[in-house]
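> Structure file final-v2.pdb (PDB, C-alpha atoms) is given on the next line.
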MODEL        1
ATOM      1  CA  ALA T   1      82.541 138.086 113.470
ATOM      2  CA  GLN T   2      82.424 141.732 112.586
ATOM      3  CA  SER T   3      79.841 143.773 110.719
ATOM      4  CA  VAL T   4      79.087 147.372 109.852
ATOM      5  CA  THR T   5      75.819 149.220 109.464
ATOM      6  CA  GLN T   6      75.665 152.560 107.729
ATOM      7  CA  LEU T   7      72.433 154.400 108.401
ATOM      8  CA  GLY T   8      71.170 156.242 105.369
ATOM      9  CA  SER T   9      72.178 155.139 101.909
ATOM     10  CA  HIS T  10      71.758 158.713 100.641
ATOM     11  CA  VAL T  11      72.490 161.939 102.479
ATOM     12  CA  SER T  12      72.037 165.437 101.063
ATOM     13  CA  VAL T  13      73.444 168.557 102.639
ATOM     14  CA  SER T  14      73.758 172.151 101.552
ATOM     15  CA  GLU T  15      77.158 173.576 100.783
ATOM     16  CA  GLY T  16      78.617 174.915 104.028
ATOM     17  CA  ALA T  17      76.393 172.764 106.242
ATOM     18  CA  LEU T  18      77.498 170.082 108.677
ATOM     19  CA  VAL T  19      78.125 166.634 107.244
ATOM     20  CA  LEU T  20      77.214 163.680 109.462
ATOM     21  CA  LEU T  21      77.472 160.136 108.149
ATOM     22  CA  ARG T  22      76.550 157.403 110.574
ATOM     23  CA  CYS T  23      78.316 154.111 111.139
ATOM     24  CA  ASN T  24      77.664 151.455 113.757
ATOM     25  CA  TYR T  25      79.733 148.352 114.077
ATOM     26  CA  SER T  26      79.559 144.969 115.693
ATOM     27  CA  SER T  27      82.680 143.269 116.961
ATOM     28  CA  SER T  28      83.393 140.841 119.758
ATOM     29  CA  VAL T  29      86.967 142.086 120.067
ATOM     30  CA  PRO T  30      88.460 145.586 119.955
ATOM     31  CA  PRO T  31      87.933 146.853 116.427
ATOM     32  CA  TYR T  32      89.948 148.814 113.958
ATOM     33  CA  LEU T  33      87.640 151.278 112.209
ATOM     34  CA  PHE T  34      87.997 153.047 108.898
ATOM     35  CA  TRP T  35      86.255 155.491 106.633
ATOM     36  CA  TYR T  36      86.938 155.302 102.919
ATOM     37  CA  VAL T  37      85.731 157.629 100.167
ATOM     38  CA  GLN T  38      85.041 156.610  96.587
ATOM     39  CA  TYR T  39      84.711 159.199  93.853
ATOM     40  CA  PRO T  40      83.022 158.207  90.573
ATOM     41  CA  ASN T  41      85.062 155.709  88.576
ATOM     42  CA  GLN T  42      87.767 155.688  91.236
ATOM     43  CA  GLY T  43      89.069 153.267  93.812
ATOM     44  CA  LEU T  44      88.602 153.655  97.535
ATOM     45  CA  GLN T  45      90.721 156.228  99.306
ATOM     46  CA  LEU T  46      91.342 156.118 103.042
ATOM     47  CA  LEU T  47      89.883 159.155 104.829
ATOM     48  CA  LEU T  48      90.809 158.212 108.374
ATOM     49  CA  LYS T  49      91.263 155.280 110.708
ATOM     50  CA  TYR T  50      91.067 154.368 114.352
ATOM     51  CA  THR T  51      93.244 151.578 115.719
ATOM     52  CA  THR T  52      94.171 152.505 119.284
ATOM     53  CA  GLY T  53      94.676 155.629 121.354
ATOM     54  CA  ALA T  54      92.764 158.863 120.924
ATOM     55  CA  THR T  55      89.127 158.208 120.116
ATOM     56  CA  LEU T  56      88.711 161.358 118.038
ATOM     57  CA  VAL T  57      90.596 160.914 114.818
ATOM     58  CA  LYS T  58      91.193 163.495 112.153
ATOM     59  CA  GLY T  59      91.521 162.638 108.523
ATOM     60  CA  ILE T  60      92.048 164.248 105.188
ATOM     61  CA  ASN T  61      89.886 166.980 103.668
ATOM     62  CA  GLY T  62      88.676 168.227 107.060
ATOM     63  CA  PHE T  63      86.855 165.043 108.073
ATOM     64  CA  GLU T  64      86.966 163.549 111.526
ATOM     65  CA  ALA T  65      85.345 160.657 113.338
ATOM     66  CA  GLU T  66      84.913 159.653 116.946
ATOM     67  CA  PHE T  67      85.095 156.094 118.227
ATOM     68  CA  LYS T  68      82.431 155.592 120.887
ATOM     69  CA  LYS T  69      82.743 152.152 122.373
ATOM     70  CA  SER T  70      79.602 152.448 124.513
ATOM     71  CA  GLU T  71      77.542 153.253 121.435
ATOM     72  CA  THR T  72      79.499 150.985 119.058
ATOM     73  CA  SER T  73      79.633 153.916 116.686
ATOM     74  CA  PHE T  74      82.172 155.634 114.468
ATOM     75  CA  HIS T  75      80.304 158.511 112.851
ATOM     76  CA  LEU T  76      82.022 160.695 110.262
ATOM     77  CA  THR T  77      81.660 164.477 110.437
ATOM     78  CA  LYS T  78      82.828 167.582 108.649
ATOM     79  CA  PRO T  79      81.849 171.048 109.891
ATOM     80  CA  SER T  80      81.290 172.593 106.482
ATOM     81  CA  ALA T  81      80.453 170.659 103.322
ATOM     82  CA  HIS T  82      82.147 171.481 100.059
ATOM     83  CA  MET T  83      80.943 170.583  96.592
ATOM     84  CA  SER T  84      84.010 168.385  96.155
ATOM     85  CA  ASP T  85      82.840 166.199  99.075
ATOM     86  CA  ALA T  86      80.130 164.643  96.913
ATOM     87  CA  ALA T  87      81.063 160.964  96.757
ATOM     88  CA  GLU T  88      80.316 157.528  98.177
ATOM     89  CA  TYR T  89      81.538 156.929 101.717
ATOM     90  CA  PHE T  90      82.227 153.521 103.202
ATOM     91  CA  CYS T  91      82.736 152.597 106.820
ATOM     92  CA  ALA T  92      84.781 149.470 107.477
ATOM     93  CA  VAL T  93      85.846 147.372 110.444
ATOM     94  CA  SER T  94      88.621 144.893 110.976
ATOM     95  CA  VAL T  95      90.345 143.383 113.977
ATOM     96  CA  ARG T  96      93.956 142.902 114.955
ATOM     97  CA  THR T  97      93.809 139.147 114.462
ATOM     98  CA  GLY T  98      91.580 139.201 111.412
ATOM     99  CA  ASN T  99      92.240 138.836 107.742
ATOM    100  CA  GLN T 100      89.745 141.091 106.087
ATOM    101  CA  PHE T 101      87.906 144.348 106.184
ATOM    102  CA  TYR T 102      84.135 144.304 106.538
ATOM    103  CA  PHE T 103      82.512 147.169 104.683
ATOM    104  CA  GLY T 104      79.181 148.845 105.157
ATOM    105  CA  THR T 105      76.850 149.293 102.219
ATOM    106  CA  GLY T 106      77.983 152.849 101.685
ATOM    107  CA  THR T 107      76.407 156.303 101.933
ATOM    108  CA  SER T 108      76.136 158.510  98.892
ATOM    109  CA  LEU T 109      76.696 162.147  99.845
ATOM    110  CA  THR T 110      75.174 164.873  97.694
ATOM    111  CA  VAL T 111      76.140 168.500  98.278
ATOM    112  CA  ILE T 112      73.583 171.046  97.165
ATOM    113  CA  PRO T 113      74.890 174.441  96.029
TER     114      PRO T 113
ATOM    115  CA  ASP Y   1      97.702 157.449  93.538
ATOM    116  CA  SER Y   2      97.551 154.549  96.029
ATOM    117  CA  GLY Y   3     100.464 152.690  94.482
ATOM    118  CA  VAL Y   4      98.279 149.668  93.712
ATOM    119  CA  THR Y   5      98.014 148.962  89.992
ATOM    120  CA  GLN Y   6      95.209 146.976  88.424
ATOM    121  CA  THR Y   7      94.947 145.924  84.808
ATOM    122  CA  PRO Y   8      92.967 146.079  82.676
ATOM    123  CA  LYS Y   9      90.744 149.014  83.669
ATOM    124  CA  HIS Y  10      87.841 147.763  81.598
ATOM    125  CA  LEU Y  11      86.979 144.347  80.273
ATOM    126  CA  ILE Y  12      84.035 143.264  78.152
ATOM    127  CA  THR Y  13      83.531 139.587  77.527
ATOM    128  CA  ALA Y  14      80.839 137.083  76.677
ATOM    129  CA  THR Y  15      79.067 134.642  78.949
ATOM    130  CA  GLY Y  16      80.916 131.384  79.408
ATOM    131  CA  GLN Y  17      84.317 132.945  78.868
ATOM    132  CA  ARG Y  18      87.305 133.150  81.228
ATOM    133  CA  VAL Y  19      89.213 136.297  82.165
ATOM    134  CA  THR Y  20      92.228 137.146  84.304
ATOM    135  CA  LEU Y  21      92.505 140.324  86.336
ATOM    136  CA  ARG Y  22      95.916 141.457  87.468
ATOM    137  CA  CYS Y  23      97.038 143.389  90.529
ATOM    138  CA  SER Y  24     100.420 144.782  91.508
ATOM    139  CA  PRO Y  25     100.504 145.769  95.191
ATOM    140  CA  ARG Y  26     102.284 148.760  96.662
ATOM    141  CA  SER Y  27     106.001 148.324  96.942
ATOM    142  CA  GLY Y  28     106.745 146.390 100.131
ATOM    143  CA  ASP Y  29     103.179 145.256 100.796
ATOM    144  CA  LEU Y  30     102.858 141.526 101.336
ATOM    145  CA  SER Y  31      99.083 141.179 101.585
ATOM    146  CA  VAL Y  32      96.716 141.378  98.656
ATOM    147  CA  TYR Y  33      92.931 141.423  98.966
ATOM    148  CA  TRP Y  34      90.342 141.041  96.229
ATOM    149  CA  TYR Y  35      86.901 142.615  96.474
ATOM    150  CA  GLN Y  36      83.883 142.592  94.218
ATOM    151  CA  GLN Y  37      81.660 145.671  94.106
ATOM    152  CA  SER Y  38      78.229 145.434  92.569
ATOM    153  CA  LEU Y  39      75.136 147.579  92.915
ATOM    154  CA  ASP Y  40      73.096 144.918  94.680
ATOM    155  CA  GLN Y  41      75.799 143.306  96.833
ATOM    156  CA  GLY Y  42      78.003 146.245  97.768
ATOM    157  CA  LEU Y  43      81.661 145.532  98.548
ATOM    158  CA  GLN Y  44      82.175 141.811  98.988
ATOM    159  CA  PHE Y  45      85.449 140.356 100.192
ATOM    160  CA  LEU Y  46      86.613 137.547  97.945
ATOM    161  CA  ILE Y  47      90.032 136.379  99.077
ATOM    162  CA  GLN Y  48      93.290 137.427 100.728
ATOM    163  CA  TYR Y  49      96.853 136.337 100.036
ATOM    164  CA  TYR Y  50      99.837 137.015 102.224
ATOM    165  CA  ASN Y  51     103.328 136.498 100.869
ATOM    166  CA  GLY Y  52     102.143 133.954  98.342
ATOM    167  CA  GLU Y  53      99.827 131.966 100.579
ATOM    168  CA  GLU Y  54      96.067 132.088 100.824
ATOM    169  CA  ARG Y  55      95.085 133.580 104.183
ATOM    170  CA  ALA Y  56      91.352 134.108 104.099
ATOM    171  CA  LYS Y  57      88.426 133.323 101.883
ATOM    172  CA  GLY Y  58      85.214 135.259 101.677
ATOM    173  CA  ASN Y  59      82.288 135.021  99.295
ATOM    174  CA  ILE Y  60      84.312 133.700  96.411
ATOM    175  CA  LEU Y  61      82.565 131.439  93.926
ATOM    176  CA  GLU Y  62      84.089 128.112  92.940
ATOM    177  CA  ARG Y  63      84.328 129.454  89.378
ATOM    178  CA  PHE Y  64      86.738 132.085  90.665
ATOM    179  CA  SER Y  65      90.304 131.497  91.759
ATOM    180  CA  ALA Y  66      93.293 133.607  92.630
ATOM    181  CA  GLN Y  67      96.979 133.340  93.270
ATOM    182  CA  GLN Y  68      99.871 135.478  94.405
ATOM    183  CA  PHE Y  69     103.179 135.056  92.668
ATOM    184  CA  PRO Y  70     106.730 135.253  94.100
ATOM    185  CA  ASP Y  71     107.024 138.861  92.954
ATOM    186  CA  LEU Y  72     103.843 139.478  95.013
ATOM    187  CA  HIS Y  73     101.596 140.437  92.156
ATOM    188  CA  SER Y  74      98.262 138.680  92.167
ATOM    189  CA  GLU Y  75      95.822 137.436  89.587
ATOM    190  CA  LEU Y  76      92.119 136.778  89.918
ATOM    191  CA  ASN Y  77      90.768 134.246  87.441
ATOM    192  CA  LEU Y  78      87.065 134.264  86.654
ATOM    193  CA  SER Y  79      85.707 131.427  84.548
ATOM    194  CA  SER Y  80      82.370 130.299  83.075
ATOM    195  CA  LEU Y  81      81.324 133.913  83.327
ATOM    196  CA  GLU Y  82      77.691 134.801  83.882
ATOM    197  CA  LEU Y  83      75.857 138.091  83.427
ATOM    198  CA  GLY Y  84      75.737 138.453  87.190
ATOM    199  CA  ASP Y  85      79.505 138.524  87.407
ATOM    200  CA  SER Y  86      79.497 141.995  85.891
ATOM    201  CA  ALA Y  87      80.966 144.226  88.584
ATOM    202  CA  LEU Y  88      83.913 146.301  89.673
ATOM    203  CA  TYR Y  89      86.733 144.164  90.997
ATOM    204  CA  PHE Y  90      89.105 145.859  93.398
ATOM    205  CA  CYS Y  91      92.472 144.795  94.598
ATOM    206  CA  ALA Y  92      93.887 146.198  97.808
ATOM    207  CA  SER Y  93      97.215 145.718  99.530
ATOM    208  CA  SER Y  94      98.568 146.165 103.020
ATOM    209  CA  PRO Y  95     102.006 145.802 104.552
ATOM    210  CA  GLY Y  96     101.331 142.769 106.695
ATOM    211  CA  GLN Y  97      98.671 140.329 107.730
ATOM    212  CA  VAL Y  98      97.216 142.686 110.271
ATOM    213  CA  ASN Y  99      94.561 144.975 108.900
ATOM    214  CA  THR Y 100      95.694 148.392 110.030
ATOM    215  CA  GLU Y 101      95.232 149.903 106.596
ATOM    216  CA  ALA Y 102      94.521 148.818 103.057
ATOM    217  CA  PHE Y 103      95.341 150.680  99.864
ATOM    218  CA  PHE Y 104      92.988 150.169  96.956
ATOM    219  CA  GLY Y 105      93.609 150.097  93.258
ATOM    220  CA  GLN Y 106      91.349 151.836  90.747
ATOM    221  CA  GLY Y 107      89.520 148.631  89.972
ATOM    222  CA  THR Y 108      88.726 146.602  86.883
ATOM    223  CA  ARG Y 109      85.244 147.055  85.506
ATOM    224  CA  LEU Y 110      84.077 143.727  84.105
ATOM    225  CA  THR Y 111      81.073 143.633  81.826
ATOM    226  CA  VAL Y 112      79.721 140.255  80.805
ATOM    227  CA  VAL Y 113      77.427 140.353  77.777
TER     228      VAL Y 113
ENDMDL
END
For the file at hand, write its structure as structure tokens.

Amino acid sequence: AQSVTQLGSHVSVSEGALVLLRCNYSSSVPPYLFWYVQYPNQGLQLLLKYTTGATLVKGINGFEAEFKKSETSFHLTKPSAHMSDAAEYFCAVSVRTGNQFYFGTGTSLTVIP
Amino acid sequence: DSGVTQTPKHLITATGQRVTLRCSPRSGDLSVYWYQQSLDQGLQFLIQYYNGEERAKGNILERFSAQQFPDLHSELNLSSLELGDSALYFCASSPGQVNTEAFFGQGTRLTVV
């Protein structure tokens, strides 16, 4: 079975500062990993994904994440936070032979002007 | 716009009633997933259909049921509604059975009073 742990349900950063949202996963088989963003009253939008290949993946809006198998982590980063980045972020895991995505509990990002 | 359409956007109903939520997947996507999002439970996987057949079941109550029709749209039926069923219900779709990416609709906000 797969699971996801997101450390920190709330993260606050200043505008222009580094954004780091943490995600650790558990999977007995090679995982597919995802970050989704949810703006208020909106659905989930895919930020980026890792399936195979390069472990550093770049997504939309300047976000990137690195798959580290040895640490079972897939942390999301952005060098410089923008006010428009304020949202809820979800890490998710699935596997090639699976039928569902397992989501973390989400991290609410606040950007302070 | 993800291409996944959910109707209605909002629904208010009384306890004990039955409602039907509708989802139209992206054009060409064969898999449909239903998720429930509540403040205390986070994003919970309910059920997946692939090309009309049930593929996976998650934390779906017996009072809830779903189906996928030949035109690939899906309906989630919730009956004998309780206050605790109030939540956001998301539909997502993906091209195949393999979870390389899922596209989410905007959700249906159900309020049970």
> What is the CA of Ser65 in chain Y-CA of Pro40 in chain T distance in Å, reported with one decimal?
27.7 Å
> Would you give me, as JSON lines, each residue of chain Y having an atom within 12 Å of an atom of chain T, along with its shortest atom pair and that distance in Å to one decimal, using all atoms listed in the file and sorting by chain and residue number?

{"residue": "Y:Asp1", "atom": "CA", "partner": "T:Gln45", "partner_atom": "CA", "distance": 9.1}
{"residue": "Y:Ser2", "atom": "CA", "partner": "T:Gln45", "partner_atom": "CA", "distance": 7.8}
{"residue": "Y:Gly3", "atom": "CA", "partner": "T:Gly43", "partner_atom": "CA", "distance": 11.4}
{"residue": "Y:Val4", "atom": "CA", "partner": "T:Gly43", "partner_atom": "CA", "distance": 9.9}
{"residue": "Y:Thr5", "atom": "CA", "partner": "T:Gly43", "partner_atom": "CA", "distance": 10.6}
{"residue": "Y:Gln6", "atom": "CA", "partner": "T:Gly43", "partner_atom": "CA", "distance": 10.3}
{"residue": "Y:Lys9", "atom": "CA", "partner": "T:Asn41", "partner_atom": "CA", "distance": 10.1}
{"residue": "Y:His10", "atom": "CA", "partner": "T:Asn41", "partner_atom": "CA", "distance": 10.9}
{"residue": "Y:Ser31", "atom": "CA", "partner": "T:Asn99", "partner_atom": "CA", "distance": 9.5}
{"residue": "Y:Val32", "atom": "CA", "partner": "T:Gln100", "partner_atom": "CA", "distance": 10.2}
{"residue": "Y:Tyr33", "atom": "CA", "partner": "T:Gln100", "partner_atom": "CA", "distance": 7.8}
{"residue": "Y:Trp34", "atom": "CA", "partner": "T:Gln100", "partner_atom": "CA", "distance": 9.9}
{"residue": "Y:Tyr35", "atom": "CA", "partner": "T:Phe101", "partner_atom": "CA", "distance": 9.9}
{"residue": "Y:Gln36", "atom": "CA", "partner": "T:Phe103", "partner_atom": "CA", "distance": 11.5}
{"residue": "Y:Gln37", "atom": "CA", "partner": "T:Thr105", "partner_atom": "CA", "distance": 10.1}
{"residue": "Y:Ser38", "atom": "CA", "partner": "T:Thr105", "partner_atom": "CA", "distance": 10.5}
{"residue": "Y:Leu39", "atom": "CA", "partner": "T:Thr105", "partner_atom": "CA", "distance": 9.6}
{"residue": "Y:Asp40", "atom": "CA", "partner": "T:Thr105", "partner_atom": "CA", "distance": 9.5}
{"residue": "Y:Gln41", "atom": "CA", "partner": "T:Thr105", "partner_atom": "CA", "distance": 8.1}
{"residue": "Y:Gly42", "atom": "CA", "partner": "T:Thr105", "partner_atom": "CA", "distance": 5.5}
{"residue": "Y:Leu43", "atom": "CA", "partner": "T:Phe103", "partner_atom": "CA", "distance": 6.4}
{"residue": "Y:Gln44", "atom": "CA", "partner": "T:Phe103", "partner_atom": "CA", "distance": 7.8}
{"residue": "Y:Phe45", "atom": "CA", "partner": "T:Gln100", "partner_atom": "CA", "distance": 7.3}
{"residue": "Y:Leu46", "atom": "CA", "partner": "T:Gln100", "partner_atom": "CA", "distance": 9.4}
{"residue": "Y:Ile47", "atom": "CA", "partner": "T:Gln100", "partner_atom": "CA", "distance": 8.5}
{"residue": "Y:Gln48", "atom": "CA", "partner": "T:Asn99", "partner_atom": "CA", "distance": 7.2}
{"residue": "Y:Tyr49", "atom": "CA", "partner": "T:Asn99", "partner_atom": "CA", "distance": 9.3}
{"residue": "Y:Tyr50", "atom": "CA", "partner": "T:Asn99", "partner_atom": "CA", "distance": 9.6}
{"residue": "Y:Glu54", "atom": "CA", "partner": "T:Asn99", "partner_atom": "CA", "distance": 10.4}
{"residue": "Y:Arg55", "atom": "CA", "partner": "T:Asn99", "partner_atom": "CA", "distance": 7.0}
{"residue": "Y:Ala56", "atom": "CA", "partner": "T:Asn99", "partner_atom": "CA", "distance": 6.0}
{"residue": "Y:Lys57", "atom": "CA", "partner": "T:Asn99", "partner_atom": "CA", "distance": 8.9}
{"residue": "Y:Gly58", "atom": "CA", "partner": "T:Gln100", "partner_atom": "CA", "distance": 8.6}
{"residue": "Y:Asn59", "atom": "CA", "partner": "T:Gln100", "partner_atom": "CA", "distance": 11.8}
{"residue": "Y:Leu88", "atom": "CA", "partner": "T:Asn41", "partner_atom": "CA", "distance": 9.5}
{"residue": "Y:Tyr89", "atom": "CA", "partner": "T:Gly43", "partner_atom": "CA", "distance": 9.8}
{"residue": "Y:Phe90", "atom": "CA", "partner": "T:Gly43", "partner_atom": "CA", "distance": 7.4}
{"residue": "Y:Cys91", "atom": "CA", "partner": "T:Gly43", "partner_atom": "CA", "distance": 9.2}
{"residue": "Y:Ala92", "atom": "CA", "partner": "T:Leu44", "partner_atom": "CA", "distance": 9.1}
{"residue": "Y:Ser93", "atom": "CA", "partner": "T:Gln100", "partner_atom": "CA", "distance": 11.0}
{"residue": "Y:Ser94", "atom": "CA", "partner": "T:Gln100", "partner_atom": "CA", "distance": 10.6}
{"residue": "Y:Gly96", "atom": "CA", "partner": "T:Asn99", "partner_atom": "CA", "distance": 10.0}
{"residue": "Y:Gln97", "atom": "CA", "partner": "T:Asn99", "partner_atom": "CA", "distance": 6.6}
{"residue": "Y:Val98", "atom": "CA", "partner": "T:Arg96", "partner_atom": "CA", "distance": 5.7}
{"residue": "Y:Asn99", "atom": "CA", "partner": "T:Ser94", "partner_atom": "CA", "distance": 6.3}
{"residue": "Y:Thr100", "atom": "CA", "partner": "T:Thr51", "partner_atom": "CA", "distance": 7.0}
{"residue": "Y:Glu101", "atom": "CA", "partner": "T:Lys49", "partner_atom": "CA", "distance": 7.8}
{"residue": "Y:Ala102", "atom": "CA", "partner": "T:Leu46", "partner_atom": "CA", "distance": 8.0}
{"residue": "Y:Phe103", "atom": "CA", "partner": "T:Gln45", "partner_atom": "CA", "distance": 7.2}
{"residue": "Y:Phe104", "atom": "CA", "partner": "T:Leu44", "partner_atom": "CA", "distance": 5.6}
{"residue": "Y:Gly105", "atom": "CA", "partner": "T:Gly43", "partner_atom": "CA", "distance": 5.6}
{"residue": "Y:Gln106", "atom": "CA", "partner": "T:Gly43", "partner_atom": "CA", "distance": 4.1}
{"residue": "Y:Gly107", "atom": "CA", "partner": "T:Gly43", "partner_atom": "CA", "distance": 6.0}
{"residue": "Y:Thr108", "atom": "CA", "partner": "T:Gly43", "partner_atom": "CA", "distance": 9.6}
{"residue": "Y:Arg109", "atom": "CA", "partner": "T:Asn41", "partner_atom": "CA", "distance": 9.2}
> Neighbouring residues of range 70-73 of chain T were defined as those with any atom within 10 Å, considering all atoms listed in the file; residues of the same chain fewer than 2 positions away were excluded. Please report them as a list of chain:residue names.
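The residues satisfying every condition are T:Val4, T:Thr5, T:Gln6, T:Arg22, T:Cys23, T:Asn24, T:Tyr25, T:Ser26, T:Ser27, T:Pro31, T:Leu33, T:Ala65, T:Glu66, T:Phe67, T:Lys68, T:His75, T:Leu76.
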> Selection in question (the file shown): the PyMOL selection byres ((chain T and resi 9-11) around 12). Which residues does it include, as a compact mmCIF listing (two decimals) with C-alpha atoms, keeping the file's coordinate frame?

# COMPACT_ATOMS: atom_id res chain seq x y z
CA THR T 5 75.82 149.22 109.46
CA GLN T 6 75.67 152.56 107.73
CA LEU T 7 72.43 154.40 108.40
CA GLY T 8 71.17 156.24 105.37
CA SER T 12 72.04 165.44 101.06
CA VAL T 13 73.44 168.56 102.64
CA SER T 14 73.76 172.15 101.55
CA LEU T 18 77.50 170.08 108.68
CA VAL T 19 78.12 166.63 107.24
CA LEU T 20 77.21 163.68 109.46
CA LEU T 21 77.47 160.14 108.15
CA ARG T 22 76.55 157.40 110.57
CA CYS T 23 78.32 154.11 111.14
CA ALA T 81 80.45 170.66 103.32
CA ASP T 85 82.84 166.20 99.08
CA ALA T 86 80.13 164.64 96.91
CA ALA T 87 81.06 160.96 96.76
CA GLU T 88 80.32 157.53 98.18
CA TYR T 89 81.54 156.93 101.72
CA PHE T 90 82.23 153.52 103.20
CA CYS T 91 82.74 152.60 106.82
CA GLY T 104 79.18 148.84 105.16
CA THR T 105 76.85 149.29 102.22
CA GLY T 106 77.98 152.85 101.68
CA THR T 107 76.41 156.30 101.93
CA SER T 108 76.14 158.51 98.89
CA LEU T 109 76.70 162.15 99.84
CA THR T 110 75.17 164.87 97.69
CA VAL T 111 76.14 168.50 98.28
CA ILE T 112 73.58 171.05 97.16
CA GLY Y 42 78.00 146.24 97.77
> For Leu81 in chain Y, list every protein, DNA or RNA residue within 6 Å, evaluated using all atoms listed in the file, and leave out those in the same chain fewer than 3 positions away; present the list as JSON, numbers by chain.
{"Y": [15, 16, 17]}
> In Å to one decimal, how far is CA of Thr111 in chain Y from CA of Leu83 in chain Y?
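CA of Leu83 in chain Y sits 7.8 Å away from CA of Thr111 in chain Y.
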> CA of Gln2 in chain T to CA of Thr55 in chain T: how many Å, to one decimal?
19.3 Å
> Closest to Pro25 in chain Y among Y:Ser79, Y:Thr7, Y:Arg63, Y:Val113, using all atoms listed in the file?
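The answer is Y:Thr7, which sits nearest to Pro25 in chain Y.
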> Residues picked by the PyMOL selection byres ((chain Y and resi 69-74) around 8) here, as JSON, numbers by chain?
{"Y": [22, 23, 24, 25, 30, 32, 51, 52, 66, 67, 68, 75, 76]}
> Please determine an axis-aligned box that encloses all atoms of range 3-9 of chain Y listed in the file, with 3 Å added on each side, and express its centre and edge lengths in Å to one decimal as JSON.

{"center_x": 95.6, "center_y": 149.3, "center_z": 88.6, "size_x": 15.7, "size_y": 12.8, "size_z": 17.8}
